[in-house]
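First the structure, in the form of structure tokens, and then the observations on it.
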Amino acid sequence: MMEINQFYQSKKVVITGGLGFIGSNLAIRLVELGANVTLVDSMIPDYGGNLFNIEPIKDRVKINFSDVREPYSLEYLIKNQDYLFNLAGQVSHIDSMIDPLTDLDINTKAQVFILEACRKFNPAIRVIFASTRQLYGKPQYLPVDERHPLYPTDVNGINNMAGEAYHTLYHNIYDLNTVSLRLTNTYGPRQLLKHDRQGFIGVFIRQIIQGEKIRIFGDGQQIRDMNYVDDVVEALLRAGAKQECFGQVYNLGGSEPINLLNLVKLLIELNGSGEYEVIPFPPEKKRIDIGDYYGDYRKFWQMTGWQPKISLCEGFAKILAYYKENLSLYLS
């Protein structure tokens with residue numbers, strides 16, 4: 001079992017997308033571990049950046065409001081840093097189909113800006129990249145391991161595939177310390193709820209807390225795996241702390257794959273009330289739906305000892321409690 005509690009003490013860490021969902025939870029954990037943390041975020045309104053996300057540590061981090069598409073600020077920001085957790089991205093699959101060029105700029109072109117800044121100004125930095133299971137597209141077999149063919153179903157998957165490939169290339173050609181984690185459905189406090197274009201979990205949570213009927217697309221039998229955000233943060237930290245991880249790509253994954261109908265029933269049970277309806281897929285969502293998915297994370301477990309600890313029941317109880325107290329701060 002890896003021990004990371006002392007590893008990040010006094011380390012200089014920059015997090016792109018640091019005011020977003022995963023970035024803010026990672027920042028809180030790193031501050032607890034004694035790291036010196038700089039957060040970089042563009043605060044594009046629909047992407048999830050929220051100053052309230054860092055309320056517990058607002059006086060203990062540095063914040064730089066800048067866009068990863070701006071290469072000159074990146075050069076300054078990565079100098080003298082020990083770690084870069086590269087979490088900035090456009091994550092909406094629907095938005096990527098509506099506006100593919102913006103998705104290309106953020107998820108591919110900006111990744112080259114970031115890697116070039118590291119190569120030129122801080123070649124010793126350790127880069128941990130948040131990739132996505134969306135690279136696999138519709139699974140040919142389950143669980144999906146890292147040998148599965150990459151066949152994205154949307155623009156977002158293609159651009160993330162290129163962004164991830166650049167991280168691996170810069171390791172292979174320039175000896176940059178880069179590692180990529182292919183995240184599955186991450187959920188927990190501080191995720192975006194105010195619109196429906198960043199995945200089903202935030203939508204379900206908002207609907208049940210507001211007393212709306214939860215709308216499930218399709219037949220509700222689509223299987224997904226999920227990771228509570230604290231488990232994802234632990235995975236990111238472990239990937240950065242182990243030298244043998246660099247140059248590699250790893251899946252994350254949940255230990256309790258569940259279909260969406262049963263997930264909604266669990267939410268209603270935890271909430272104490274709620275209703276749902278199963279409705280046809282909107283055409284724009286049906287075209288890019290991947291069917292069933294759950295990942296095989298054994299490669300990462302064998303390297304680092306990581307495995308998810310938070311059960312679905314515990315994790316969704318925590319997220320419901322968080323948003324019942326703070327919902328208004330995530331809707332404006």
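Please note that chains go A, B, ... in the order of the structure tokens, that every chain numbers its residues from 1, and that ligands are numbered from 1 in the order shown.
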Tell me which protein, DNA and RNA residues are within 6 Å of A:Asn259, counting only C-alpha atoms, leaving out same-chain ones fewer than 3 positions away, and put them as a PyMOL selection string.
chain A and resi 221-223+262
Write a file of the selected residues as a short mmCIF file (atom, residue, chain, number, x, y, z; two decimals), in the first residue's frame, keeping C-alpha atoms.
data_model
loop_
_atom_site.label_atom_id
_atom_site.label_comp_id
_atom_site.auth_asym_id
_atom_site.auth_seq_id
_atom_site.Cartn_x
_atom_site.Cartn_y
_atom_site.Cartn_z
CA GLN A 221 -31.03 -0.55 -18.10
CA GLN A 222 -27.79 1.20 -19.16
CA ILE A 223 -25.04 0.06 -16.78
CA ASN A 262 -31.54 1.09 -9.91
#
Write down as an MDAnalysis selection string the residues of stretch 57-282 of chain A whose backbone DSSP state falls under strand (DSSP E).
chainID A and resid 62:65 83:86 126:132 177:183 185:187 214:217 223:224 226:228 249:251 258:259 276:279
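Using only C-alpha atoms for every distance, the candidate list A:Pro283, A:Gly254, A:Gly188, A:Gly23 yields A:Gly23 as the residue closest to A:Leu39.
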Nearby residues (only C-alpha atoms) at most 8 Å from stretch 26-36 of chain A, same-chain spacing under 3 positions excluded, as a VMD selection string
chain A and resid 5 to 6 8 to 13 15 18 22 to 23 39 54 56 to 57 60 to 61 233
Hey, can you spit out that residue selection with N, CA and C atoms as a PDB file, in the first residue's frame?
ATOM      1  N   ASN A   5       0.645  10.329   2.556  1.00  0.00           N
ATOM      2  CA  ASN A   5       0.350  11.384   3.528  1.00  0.00           C
ATOM      3  C   ASN A   5       1.507  12.360   3.712  1.00  0.00           C
ATOM      4  N   GLN A   6       2.731  11.895   3.593  1.00  0.00           N
ATOM      5  CA  GLN A   6       3.889  12.766   3.750  1.00  0.00           C
ATOM      6  C   GLN A   6       4.471  13.208   2.418  1.00  0.00           C
ATOM      7  N   TYR A   8       3.420  14.846  -0.280  1.00  0.00           N
ATOM      8  CA  TYR A   8       3.164  16.164  -0.860  1.00  0.00           C
ATOM      9  C   TYR A   8       3.448  17.314   0.102  1.00  0.00           C
ATOM     10  N   GLN A   9       3.987  17.006   1.269  1.00  0.00           N
ATOM     11  CA  GLN A   9       4.338  18.041   2.233  1.00  0.00           C
ATOM     12  C   GLN A   9       5.318  19.031   1.606  1.00  0.00           C
ATOM     13  N   SER A  10       4.932  20.313   1.596  1.00  0.00           N
ATOM     14  CA  SER A  10       5.760  21.418   1.098  1.00  0.00           C
ATOM     15  C   SER A  10       6.001  21.392  -0.410  1.00  0.00           C
ATOM     16  N   LYS A  11       5.377  20.477  -1.127  1.00  0.00           N
ATOM     17  CA  LYS A  11       5.525  20.456  -2.580  1.00  0.00           C
ATOM     18  C   LYS A  11       4.746  21.618  -3.209  1.00  0.00           C
ATOM     19  N   LYS A  12       5.277  22.139  -4.306  1.00  0.00           N
ATOM     20  CA  LYS A  12       4.606  23.200  -5.059  1.00  0.00           C
ATOM     21  C   LYS A  12       3.759  22.550  -6.145  1.00  0.00           C
ATOM     22  N   VAL A  13       2.467  22.826  -6.084  1.00  0.00           N
ATOM     23  CA  VAL A  13       1.508  22.140  -6.952  1.00  0.00           C
ATOM     24  C   VAL A  13       0.626  23.162  -7.654  1.00  0.00           C
ATOM     25  N   ILE A  15      -2.811  23.356 -10.173  1.00  0.00           N
ATOM     26  CA  ILE A  15      -3.955  22.588 -10.650  1.00  0.00           C
ATOM     27  C   ILE A  15      -4.687  23.419 -11.692  1.00  0.00           C
ATOM     28  N   GLY A  18      -8.727  24.354 -11.379  1.00  0.00           N
ATOM     29  CA  GLY A  18      -8.649  24.209  -9.935  1.00  0.00           C
ATOM     30  C   GLY A  18      -9.871  24.652  -9.156  1.00  0.00           C
ATOM     31  N   ILE A  22     -13.531  18.402  -9.618  1.00  0.00           N
ATOM     32  CA  ILE A  22     -12.452  17.532  -9.133  1.00  0.00           C
ATOM     33  C   ILE A  22     -11.272  18.371  -8.660  1.00  0.00           C
ATOM     34  N   GLY A  23     -10.975  19.454  -9.384  1.00  0.00           N
ATOM     35  CA  GLY A  23      -9.834  20.288  -9.008  1.00  0.00           C
ATOM     36  C   GLY A  23      -9.939  20.869  -7.616  1.00  0.00           C
ATOM     37  N   LEU A  39      -4.090  27.526  -7.943  1.00  0.00           N
ATOM     38  CA  LEU A  39      -5.226  27.111  -8.750  1.00  0.00           C
ATOM     39  C   LEU A  39      -5.323  27.994  -9.985  1.00  0.00           C
ATOM     40  N   ILE A  54     -13.913  26.298  -3.019  1.00  0.00           N
ATOM     41  CA  ILE A  54     -12.698  26.302  -2.188  1.00  0.00           C
ATOM     42  C   ILE A  54     -12.911  27.084  -0.893  1.00  0.00           C
ATOM     43  N   PRO A  56     -13.439  26.204   2.136  1.00  0.00           N
ATOM     44  CA  PRO A  56     -12.672  25.751   3.315  1.00  0.00           C
ATOM     45  C   PRO A  56     -11.202  26.132   3.282  1.00  0.00           C
ATOM     46  N   ILE A  57     -10.651  26.454   2.101  1.00  0.00           N
ATOM     47  CA  ILE A  57      -9.203  26.723   1.996  1.00  0.00           C
ATOM     48  C   ILE A  57      -8.922  28.042   1.284  1.00  0.00           C
ATOM     49  N   ARG A  60      -5.751  29.824   1.898  1.00  0.00           N
ATOM     50  CA  ARG A  60      -4.551  28.974   1.963  1.00  0.00           C
ATOM     51  C   ARG A  60      -4.076  28.521   0.589  1.00  0.00           C
ATOM     52  N   VAL A  61      -4.654  29.093  -0.476  1.00  0.00           N
ATOM     53  CA  VAL A  61      -4.232  28.775  -1.833  1.00  0.00           C
ATOM     54  C   VAL A  61      -4.062  30.068  -2.628  1.00  0.00           C
ATOM     55  N   VAL A 233      -9.572  11.639  -6.176  1.00  0.00           N
ATOM     56  CA  VAL A 233      -8.472  12.450  -5.649  1.00  0.00           C
ATOM     57  C   VAL A 233      -7.336  11.548  -5.166  1.00  0.00           C
TER      58      VAL A 233
END
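When DSSP is run on the backbone, the residues of stretch 41-95 of chain A that fall into helix (DSSP H, G or I) are Leu51, Phe52, Asn53, Ile54, Glu55, Pro56, Ile57, Pro71, Tyr72, Ser73, Leu74, Glu75, Tyr76, Leu77, Ile78, His93, Ile94 and Asp95 of chain A.
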Deliver the residues from the most recent selection as a file, using N, CA and C atoms, as a PDB file, in the first residue's frame.
ATOM      1  N   LEU A  51     -16.175  29.709  -7.005  1.00  0.00           N
ATOM      2  CA  LEU A  51     -15.326  30.123  -5.878  1.00  0.00           C
ATOM      3  C   LEU A  51     -15.757  29.493  -4.568  1.00  0.00           C
ATOM      4  N   PHE A  52     -17.032  29.193  -4.421  1.00  0.00           N
ATOM      5  CA  PHE A  52     -17.490  28.550  -3.196  1.00  0.00           C
ATOM      6  C   PHE A  52     -16.872  27.164  -3.021  1.00  0.00           C
ATOM      7  N   ASN A  53     -16.442  26.555  -4.124  1.00  0.00           N
ATOM      8  CA  ASN A  53     -15.837  25.222  -4.032  1.00  0.00           C
ATOM      9  C   ASN A  53     -14.619  25.186  -3.115  1.00  0.00           C
ATOM     10  N   ILE A  54     -13.913  26.298  -3.019  1.00  0.00           N
ATOM     11  CA  ILE A  54     -12.698  26.302  -2.188  1.00  0.00           C
ATOM     12  C   ILE A  54     -12.911  27.084  -0.893  1.00  0.00           C
ATOM     13  N   GLU A  55     -14.138  27.274  -0.487  1.00  0.00           N
ATOM     14  CA  GLU A  55     -14.428  28.017   0.738  1.00  0.00           C
ATOM     15  C   GLU A  55     -13.613  27.526   1.937  1.00  0.00           C
ATOM     16  N   PRO A  56     -13.439  26.204   2.136  1.00  0.00           N
ATOM     17  CA  PRO A  56     -12.672  25.751   3.315  1.00  0.00           C
ATOM     18  C   PRO A  56     -11.202  26.132   3.282  1.00  0.00           C
ATOM     19  N   ILE A  57     -10.651  26.454   2.101  1.00  0.00           N
ATOM     20  CA  ILE A  57      -9.203  26.723   1.996  1.00  0.00           C
ATOM     21  C   ILE A  57      -8.922  28.042   1.284  1.00  0.00           C
ATOM     22  N   PRO A  71      -0.938  30.603 -23.961  1.00  0.00           N
ATOM     23  CA  PRO A  71       0.335  29.943 -23.638  1.00  0.00           C
ATOM     24  C   PRO A  71       1.276  30.759 -22.779  1.00  0.00           C
ATOM     25  N   TYR A  72       1.220  32.085 -22.841  1.00  0.00           N
ATOM     26  CA  TYR A  72       2.224  32.877 -22.131  1.00  0.00           C
ATOM     27  C   TYR A  72       2.021  32.840 -20.615  1.00  0.00           C
ATOM     28  N   SER A  73       0.771  32.834 -20.182  1.00  0.00           N
ATOM     29  CA  SER A  73       0.542  32.728 -18.744  1.00  0.00           C
ATOM     30  C   SER A  73       0.954  31.357 -18.232  1.00  0.00           C
ATOM     31  N   LEU A  74       0.769  30.321 -19.050  1.00  0.00           N
ATOM     32  CA  LEU A  74       1.161  28.967 -18.633  1.00  0.00           C
ATOM     33  C   LEU A  74       2.663  28.891 -18.370  1.00  0.00           C
ATOM     34  N   GLU A  75       3.436  29.547 -19.220  1.00  0.00           N
ATOM     35  CA  GLU A  75       4.883  29.510 -19.038  1.00  0.00           C
ATOM     36  C   GLU A  75       5.272  30.046 -17.663  1.00  0.00           C
ATOM     37  N   TYR A  76       4.610  31.106 -17.246  1.00  0.00           N
ATOM     38  CA  TYR A  76       4.887  31.691 -15.939  1.00  0.00           C
ATOM     39  C   TYR A  76       4.396  30.785 -14.821  1.00  0.00           C
ATOM     40  N   LEU A  77       3.218  30.202 -15.005  1.00  0.00           N
ATOM     41  CA  LEU A  77       2.582  29.467 -13.922  1.00  0.00           C
ATOM     42  C   LEU A  77       3.258  28.142 -13.602  1.00  0.00           C
ATOM     43  N   ILE A  78       3.880  27.517 -14.582  1.00  0.00           N
ATOM     44  CA  ILE A  78       4.466  26.190 -14.291  1.00  0.00           C
ATOM     45  C   ILE A  78       5.931  26.266 -13.844  1.00  0.00           C
ATOM     46  N   HIS A  93     -20.267  16.387 -23.576  1.00  0.00           N
ATOM     47  CA  HIS A  93     -20.309  15.699 -24.866  1.00  0.00           C
ATOM     48  C   HIS A  93     -21.256  16.414 -25.830  1.00  0.00           C
ATOM     49  N   ILE A  94     -22.392  16.884 -25.314  1.00  0.00           N
ATOM     50  CA  ILE A  94     -23.350  17.605 -26.151  1.00  0.00           C
ATOM     51  C   ILE A  94     -22.730  18.897 -26.681  1.00  0.00           C
ATOM     52  N   ASP A  95     -22.081  19.668 -25.804  1.00  0.00           N
ATOM     53  CA  ASP A  95     -21.458  20.920 -26.239  1.00  0.00           C
ATOM     54  C   ASP A  95     -20.392  20.673 -27.304  1.00  0.00           C
TER      55      ASP A  95
END
One-decimal distance in Å that lies between atom CA of A:Gln302 and atom CA of A:Leu176:
23.1 Å
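The space separating atom CA of A:Asp145 from atom CA of A:Asp225 comes to 13.4 Å.
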A:Gly315 environment, 10 Å, only C-alpha atoms, sequence neighbours closer than 3 positions dropped, as number ranges by chain
A: 187-189, 226-230, 309-312, 318-320
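Distance annotation: of A:Glu212, A:Asp175, A:Asp296, A:Glu116, the residue with the minimal separation from A:Pro143 is A:Asp296; atom set is only C-alpha atoms.
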With only C-alpha atoms as the counted atoms, please give the residues lying no more than 10 Å from A:Ile125, apart from itself and same-chain residues fewer than 5 positions off, as a ChimeraX atom specification.
/A:12-13,78-84,118-119,176-178
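Considering the residues A:Asn50, A:Gly247, A:Lys324, A:Asp41 and counting only C-alpha atoms, A:Val68 has its shortest atom-to-atom contact with A:Asp41.
In this comparison, which uses only C-alpha atoms, the residue of A:Gly20, A:Tyr323, A:Val37, A:Ile268 approaching A:Gly202 most closely is A:Tyr323.
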